[in-house]
$ cat coords.pdb   # PDB, C-alpha atoms
ATOM      1  CA  MET N   1     -51.123 104.576 -75.300
ATOM      2  CA  GLY N   2     -49.302 101.580 -76.810
ATOM      3  CA  ALA N   3     -48.571  98.276 -75.166
ATOM      4  CA  ARG N   4     -45.821  98.071 -72.580
ATOM      5  CA  TRP N   5     -43.450  95.114 -72.612
ATOM      6  CA  THR N   6     -41.431  93.936 -69.616
ATOM      7  CA  ASP N   7     -38.883  91.111 -69.891
ATOM      8  CA  LEU N   8     -37.930  89.240 -66.708
ATOM      9  CA  VAL N   9     -35.169  86.650 -66.367
ATOM     10  CA  ASP N  10     -35.561  84.000 -63.638
ATOM     11  CA  PRO N  11     -37.776  86.270 -61.493
ATOM     12  CA  THR N  12     -38.708  85.744 -57.880
ATOM     13  CA  GLU N  13     -42.388  85.617 -56.974
ATOM     14  CA  ALA N  14     -42.215  89.225 -55.729
ATOM     15  CA  GLU N  15     -40.595  90.452 -58.960
ATOM     16  CA  LEU N  16     -43.201  88.636 -61.032
ATOM     17  CA  LEU N  17     -46.117  90.032 -59.031
ATOM     18  CA  ALA N  18     -44.685  93.552 -59.278
ATOM     19  CA  ALA N  19     -44.736  93.279 -63.086
ATOM     20  CA  ALA N  20     -47.933  91.214 -63.456
ATOM     21  CA  PRO N  21     -50.115  91.550 -60.340
ATOM     22  CA  ARG N  22     -53.270  89.732 -61.549
ATOM     23  CA  LEU N  23     -51.919  86.191 -61.779
ATOM     24  CA  ASP N  24     -53.450  82.898 -60.772
ATOM     25  CA  PRO N  25     -51.382  81.081 -58.064
ATOM     26  CA  GLU N  26     -50.770  78.136 -60.424
ATOM     27  CA  ALA N  27     -49.405  80.505 -63.082
ATOM     28  CA  ILE N  28     -47.092  82.078 -60.501
ATOM     29  CA  THR N  29     -45.765  78.636 -59.582
ATOM     30  CA  LEU N  30     -45.144  77.704 -63.245
ATOM     31  CA  LEU N  31     -43.457  81.005 -64.075
ATOM     32  CA  THR N  32     -41.145  81.040 -61.053
ATOM     33  CA  ALA N  33     -40.199  77.332 -61.099
ATOM     34  CA  PRO N  34     -36.620  76.848 -62.286
ATOM     35  CA  ALA N  35     -36.129  75.297 -65.694
ATOM     36  CA  GLY N  36     -34.290  72.037 -65.734
ATOM     37  CA  GLU N  37     -33.792  68.768 -67.490
ATOM     38  CA  GLY N  38     -35.861  66.869 -64.922
ATOM     39  CA  ARG N  39     -38.850  69.199 -65.321
ATOM     40  CA  ASP N  40     -41.517  68.227 -67.825
ATOM     41  CA  ALA N  41     -42.601  71.646 -69.139
ATOM     42  CA  ARG N  42     -45.454  71.694 -71.614
ATOM     43  CA  PRO N  43     -46.523  74.614 -73.790
ATOM     44  CA  VAL N  44     -49.767  76.286 -72.788
ATOM     45  CA  LEU N  45     -51.836  79.347 -73.683
ATOM     46  CA  GLU N  46     -54.912  79.976 -71.564
ATOM     47  CA  SER N  47     -57.208  82.764 -70.552
ATOM     48  CA  GLN N  48     -57.418  83.624 -66.877
ATOM     49  CA  GLY N  49     -60.192  86.193 -66.909
ATOM     50  CA  SER N  50     -58.808  89.328 -68.556
ATOM     51  CA  VAL N  51     -55.261  87.945 -68.524
ATOM     52  CA  LEU N  52     -53.640  85.644 -71.086
ATOM     53  CA  PHE N  53     -51.125  83.251 -69.533
ATOM     54  CA  GLY N  54     -48.724  81.163 -71.557
ATOM     55  CA  LEU N  55     -45.637  79.027 -71.449
ATOM     56  CA  LEU N  56     -43.794  78.633 -74.758
ATOM     57  CA  LEU N  57     -40.946  76.245 -75.534
ATOM     58  CA  PHE N  58     -38.105  77.223 -77.859
ATOM     59  CA  PRO N  59     -36.243  74.193 -79.251
ATOM     60  CA  VAL N  60     -32.478  74.577 -79.426
ATOM     61  CA  HIS N  61     -29.692  72.490 -80.875
ATOM     62  CA  LEU N  62     -26.872  72.062 -78.387
ATOM     63  CA  ASP N  63     -24.025  71.767 -80.902
ATOM     64  CA  ASP N  64     -21.236  70.891 -78.517
ATOM     65  CA  GLU N  65     -23.244  68.087 -76.898
ATOM     66  CA  ASN N  66     -24.991  66.881 -80.066
ATOM     67  CA  ARG N  67     -28.345  67.108 -78.258
ATOM     68  CA  PHE N  68     -31.572  69.061 -78.558
ATOM     69  CA  GLY N  69     -33.523  70.685 -75.766
ATOM     70  CA  TYR N  70     -36.056  73.383 -74.962
ATOM     71  CA  LEU N  71     -35.807  76.837 -73.435
ATOM     72  CA  GLU N  72     -38.845  78.206 -71.610
ATOM     73  CA  VAL N  73     -40.475  81.588 -72.056
ATOM     74  CA  GLY N  74     -43.554  82.439 -70.036
ATOM     75  CA  LEU N  75     -45.917  85.248 -70.906
ATOM     76  CA  VAL N  76     -48.598  87.215 -69.157
ATOM     77  CA  ALA N  77     -50.630  89.632 -71.255
ATOM     78  CA  THR N  78     -53.448  92.084 -70.924
ATOM     79  CA  GLY N  79     -54.716  94.422 -73.617
ATOM     80  CA  ASP N  80     -51.948  96.951 -73.004
ATOM     81  CA  ARG N  81     -49.170  94.978 -71.311
ATOM     82  CA  LEU N  82     -46.945  91.996 -72.056
ATOM     83  CA  VAL N  83     -44.653  90.469 -69.448
ATOM     84  CA  THR N  84     -42.257  87.765 -70.625
ATOM     85  CA  VAL N  85     -40.437  85.446 -68.253
ATOM     86  CA  ARG N  86     -37.308  83.857 -69.703
ATOM     87  CA  LYS N  87     -35.778  80.994 -67.758
ATOM     88  CA  THR N  88     -32.132  80.010 -67.709
ATOM     89  CA  GLY N  89     -32.059  76.602 -69.340
ATOM     90  CA  LEU N  90     -29.605  74.001 -70.547
ATOM     91  CA  GLY N  91     -26.020  75.167 -70.343
ATOM     92  CA  GLY N  92     -27.044  78.525 -68.870
ATOM     93  CA  ARG N  93     -28.766  79.561 -72.099
ATOM     94  CA  LEU N  94     -31.750  81.874 -72.482
ATOM     95  CA  ALA N  95     -34.252  82.012 -75.311
ATOM     96  CA  GLU N  96     -33.268  84.830 -77.616
ATOM     97  CA  THR N  97     -36.525  86.547 -78.302
ATOM     98  CA  GLN N  98     -37.336  90.189 -78.536
ATOM     99  CA  PRO N  99     -40.907  91.085 -79.434
ATOM    100  CA  GLU N 100     -40.967  93.999 -81.813
ATOM    101  CA  PRO N 101     -41.598  97.308 -80.051
ATOM    102  CA  PRO N 102     -44.962  98.886 -80.783
ATOM    103  CA  GLU N 103     -44.899 100.632 -84.150
ATOM    104  CA  THR N 104     -47.725 102.953 -83.241
ATOM    105  CA  PRO N 105     -48.768 104.478 -79.937
ATOM    106  CA  THR N 106     -52.015 102.491 -80.066
ATOM    107  CA  MET N 107     -50.534  99.032 -80.742
ATOM    108  CA  ARG N 108     -51.997  96.394 -78.439
ATOM    109  CA  ALA N 109     -50.190  93.573 -76.649
ATOM    110  CA  GLY N 110     -51.624  91.069 -79.153
ATOM    111  CA  TRP N 111     -49.138  92.260 -81.768
ATOM    112  CA  LEU N 112     -46.266  91.705 -79.349
ATOM    113  CA  ILE N 113     -47.556  88.199 -78.642
ATOM    114  CA  HIS N 114     -47.756  87.585 -82.390
ATOM    115  CA  GLY N 115     -44.043  88.461 -82.644
ATOM    116  CA  LEU N 116     -43.214  86.150 -79.759
ATOM    117  CA  VAL N 117     -45.110  83.207 -81.274
ATOM    118  CA  ASP N 118     -43.425  83.951 -84.607
ATOM    119  CA  ASP N 119     -40.040  83.662 -82.835
ATOM    120  CA  VAL N 120     -41.095  80.244 -81.489
ATOM    121  CA  ALA N 121     -42.100  79.086 -84.977
ATOM    122  CA  GLU N 122     -38.769  80.302 -86.369
ATOM    123  CA  SER N 123     -36.885  78.364 -83.686
ATOM    124  CA  TYR N 124     -38.615  75.139 -84.799
ATOM    125  CA  LEU N 125     -37.462  75.819 -88.368
ATOM    126  CA  ASP N 126     -33.908  76.299 -87.028
ATOM    127  CA  LEU N 127     -34.238  72.941 -85.255
ATOM    128  CA  VAL N 128     -35.317  71.220 -88.480
ATOM    129  CA  ASP N 129     -32.331  72.776 -90.285
ATOM    130  CA  ALA N 130     -29.978  71.480 -87.578
ATOM    131  CA  LEU N 131     -31.486  67.992 -87.837
ATOM    132  CA  TYR N 132     -31.005  68.011 -91.612
ATOM    133  CA  LEU N 133     -27.341  68.928 -91.100
ATOM    134  CA  GLU N 134     -26.932  66.008 -88.674
ATOM    135  CA  ILE N 135     -28.565  63.640 -91.190
ATOM    136  CA  ASP N 136     -26.369  64.951 -94.026
ATOM    137  CA  GLU N 137     -23.247  64.405 -91.930
ATOM    138  CA  LEU N 138     -24.301  60.873 -91.085
ATOM    139  CA  GLU N 139     -25.086  60.130 -94.750
ATOM    140  CA  ASP N 140     -21.664  61.485 -95.790
ATOM    141  CA  HIS N 141     -19.961  58.916 -93.544
ATOM    142  CA  ILE N 142     -22.388  55.988 -93.656
ATOM    143  CA  ASP N 143     -19.984  53.805 -95.651
ATOM    144  CA  GLU N 144     -17.161  54.435 -93.153
ATOM    145  CA  LEU N 145     -19.152  53.503 -90.027
ATOM    146  CA  PRO N 146     -19.337  49.943 -88.722
ATOM    147  CA  GLY N 147     -22.684  48.275 -89.401
ATOM    148  CA  SER N 148     -23.354  47.781 -85.692
ATOM    149  CA  THR N 149     -22.980  51.525 -85.049
ATOM    150  CA  THR N 150     -25.360  52.387 -87.871
ATOM    151  CA  ARG N 151     -27.988  49.846 -86.776
ATOM    152  CA  GLN N 152     -27.900  50.993 -83.138
ATOM    153  CA  GLY N 153     -28.269  54.661 -84.049
ATOM    154  CA  GLN N 154     -24.991  55.606 -82.381
ATOM    155  CA  GLY N 155     -23.469  57.224 -85.440
ATOM    156  CA  GLY N 156     -23.771  60.783 -84.208
ATOM    157  CA  CYS N 157     -21.188  63.416 -85.023
ATOM    158  CA  THR N 158     -18.993  62.462 -82.085
ATOM    159  CA  THR N 159     -18.277  58.975 -83.481
ATOM    160  CA  LEU N 160     -17.591  59.900 -87.090
ATOM    161  CA  PRO N 161     -14.113  59.113 -88.459
ATOM    162  CA  ALA N 162     -11.716  62.027 -88.686
TER     163      ALA N 162
END
$ encode --input "coords.pdb" --output "structure tokens"
Amino acid sequence: MGARWTDLVDPTEAELLAAAPRLDPEAITLLTAPAGEGRDARPVLESQGSVLFGLLLFPVHLDDENRFGYLEVGLVATGDRLVTVRKTGLGGRLAETQPEPPETPTMRAGWLIHGLVDDVAESYLDLVDALYLEIDELEDHIDELPGSTTRQGQGGCTTLPA
């Protein structure tokens, strides 16, 4: 039998335990804590006996606010099961990740985790692309900006001349 994947969004403790019953209490706390700007989430992957626990951070460019932030995705995996926990983040957004479904009936959860980590890596490349666009826009208007704005680093897109 192939790996089973369950995706939860902002689960309660009961919902999480129904999908992933063999969790450490600290992992339960991390996975059910609401995401927020004041919370200092850090990525982690660790073994808890026969269970792999992780918290991944997807960087996102918040175009309308000219800021960058992170969206959280937790994971709990055994050999035949992957449970992801997506948290509602900045501006009500969720990480857009969909591990590939098992291609064969014997595919293990490790392949699903590989797809998830690949999505994280891709999101960092998207972030770099967005930063390059911001730099290009600033360079296009550098001669039009006052020197004080350029020196103070306040020349973001919102202050560029029309």
$ residues_around --input "coords.pdb" --residues "Arg22 of chain N" --least-positions-apart "3" --cutoff "10 Å" --atoms "all atoms listed in the file" --output "list in words"
Leu17, Ala18, Ala19, Pro25, Ile28, Gln48, Gly49, Ser50, Val51, Val76 and Thr78 of chain N
$ write_last_selection --input "coords.pdb" --atoms "C-alpha atoms" --output "PDB file, in the frame of the given file"
ATOM      1  CA  LEU N  17     -46.117  90.032 -59.031  1.00  0.00           C
ATOM      2  CA  ALA N  18     -44.685  93.552 -59.278  1.00  0.00           C
ATOM      3  CA  ALA N  19     -44.736  93.279 -63.086  1.00  0.00           C
ATOM      4  CA  PRO N  25     -51.382  81.081 -58.064  1.00  0.00           C
ATOM      5  CA  ILE N  28     -47.092  82.078 -60.501  1.00  0.00           C
ATOM      6  CA  GLN N  48     -57.418  83.624 -66.877  1.00  0.00           C
ATOM      7  CA  GLY N  49     -60.192  86.193 -66.909  1.00  0.00           C
ATOM      8  CA  SER N  50     -58.808  89.328 -68.556  1.00  0.00           C
ATOM      9  CA  VAL N  51     -55.261  87.945 -68.524  1.00  0.00           C
ATOM     10  CA  VAL N  76     -48.598  87.215 -69.157  1.00  0.00           C
ATOM     11  CA  THR N  78     -53.448  92.084 -70.924  1.00  0.00           C
TER      12      THR N  78
END
$ atom_distance --input "coords.pdb" --atom1 "atom CA of Phe58 of chain N" --atom2 "atom CA of Pro21 of chain N"
25.6 Å
$ residues_around --input "coords.pdb" --residues "Ala35 of chain N" --least-positions-apart "5" --cutoff "8 Å" --atoms "only C-alpha atoms" --output "JSON, numbers by chain"
{"N": [71, 72, 87, 88, 89]}
$ resolve_selection --input "coords.pdb" --expression "the PyMOL selection byres ((chain N and resi 41) around 12)" --output "list of chain:residue names"
N:Leu30, N:Leu31, N:Ala33, N:Pro34, N:Ala35, N:Gly36, N:Glu37, N:Gly38, N:Arg39, N:Asp40, N:Arg42, N:Pro43, N:Val44, N:Gly54, N:Leu55, N:Leu56, N:Leu57, N:Phe58, N:Gly69, N:Tyr70, N:Leu71, N:Glu72, N:Val73, N:Gly74, N:Lys87, N:Gly89
$ atom_distance --input "coords.pdb" --atom1 "atom CA of Asp7 of chain N" --atom2 "atom CA of Val83 of chain N"
5.8 Å
$ atom_distance --input "coords.pdb" --atom1 "atom CA of Arg4 of chain N" --atom2 "atom CA of Gly92 of chain N"
27.4 Å
$ closest_residue --input "coords.pdb" --among "N:Ala3, N:Val128, N:Val117, N:Val60" --to "Arg93 of chain N" --atoms "only C-alpha atoms"
N:Val60
$ closest_residue --input "coords.pdb" --among "N:Gly147, N:Ala77, N:Glu96, N:Ile142" --to "His114 of chain N" --atoms "only C-alpha atoms"
N:Ala77
$ closest_residue --input "coords.pdb" --among "N:His61, N:Ala14, N:Thr84, N:Leu145" --to "Tyr132 of chain N" --atoms "only C-alpha atoms"
N:His61
$ resolve_selection --input "coords.pdb" --expression "the PyMOL selection byres ((chain N and resi 79) around 6)" --output "list in words"
Thr78, Asp80, Arg108 and Ala109 of chain N
$ write_last_selection --input "coords.pdb" --atoms "C-alpha atoms" --output "JSON list (two decimals), keeping the file's coordinate frame"
[["chain", "number", "residue", "atom", "x", "y", "z"],
["N", 78, "THR", "CA", -53.45, 92.08, -70.92],
["N", 80, "ASP", "CA", -51.95, 96.95, -73.00],
["N", 108, "ARG", "CA", -52.00, 96.39, -78.44],
["N", 109, "ALA", "CA", -50.19, 93.57, -76.65]]
$ residues_around --input "coords.pdb" --residues "Thr32 of chain N" --least-positions-apart "4" --cutoff "7 Å" --atoms "all atoms listed in the file" --output "number ranges by chain"
N: 10-13, 28
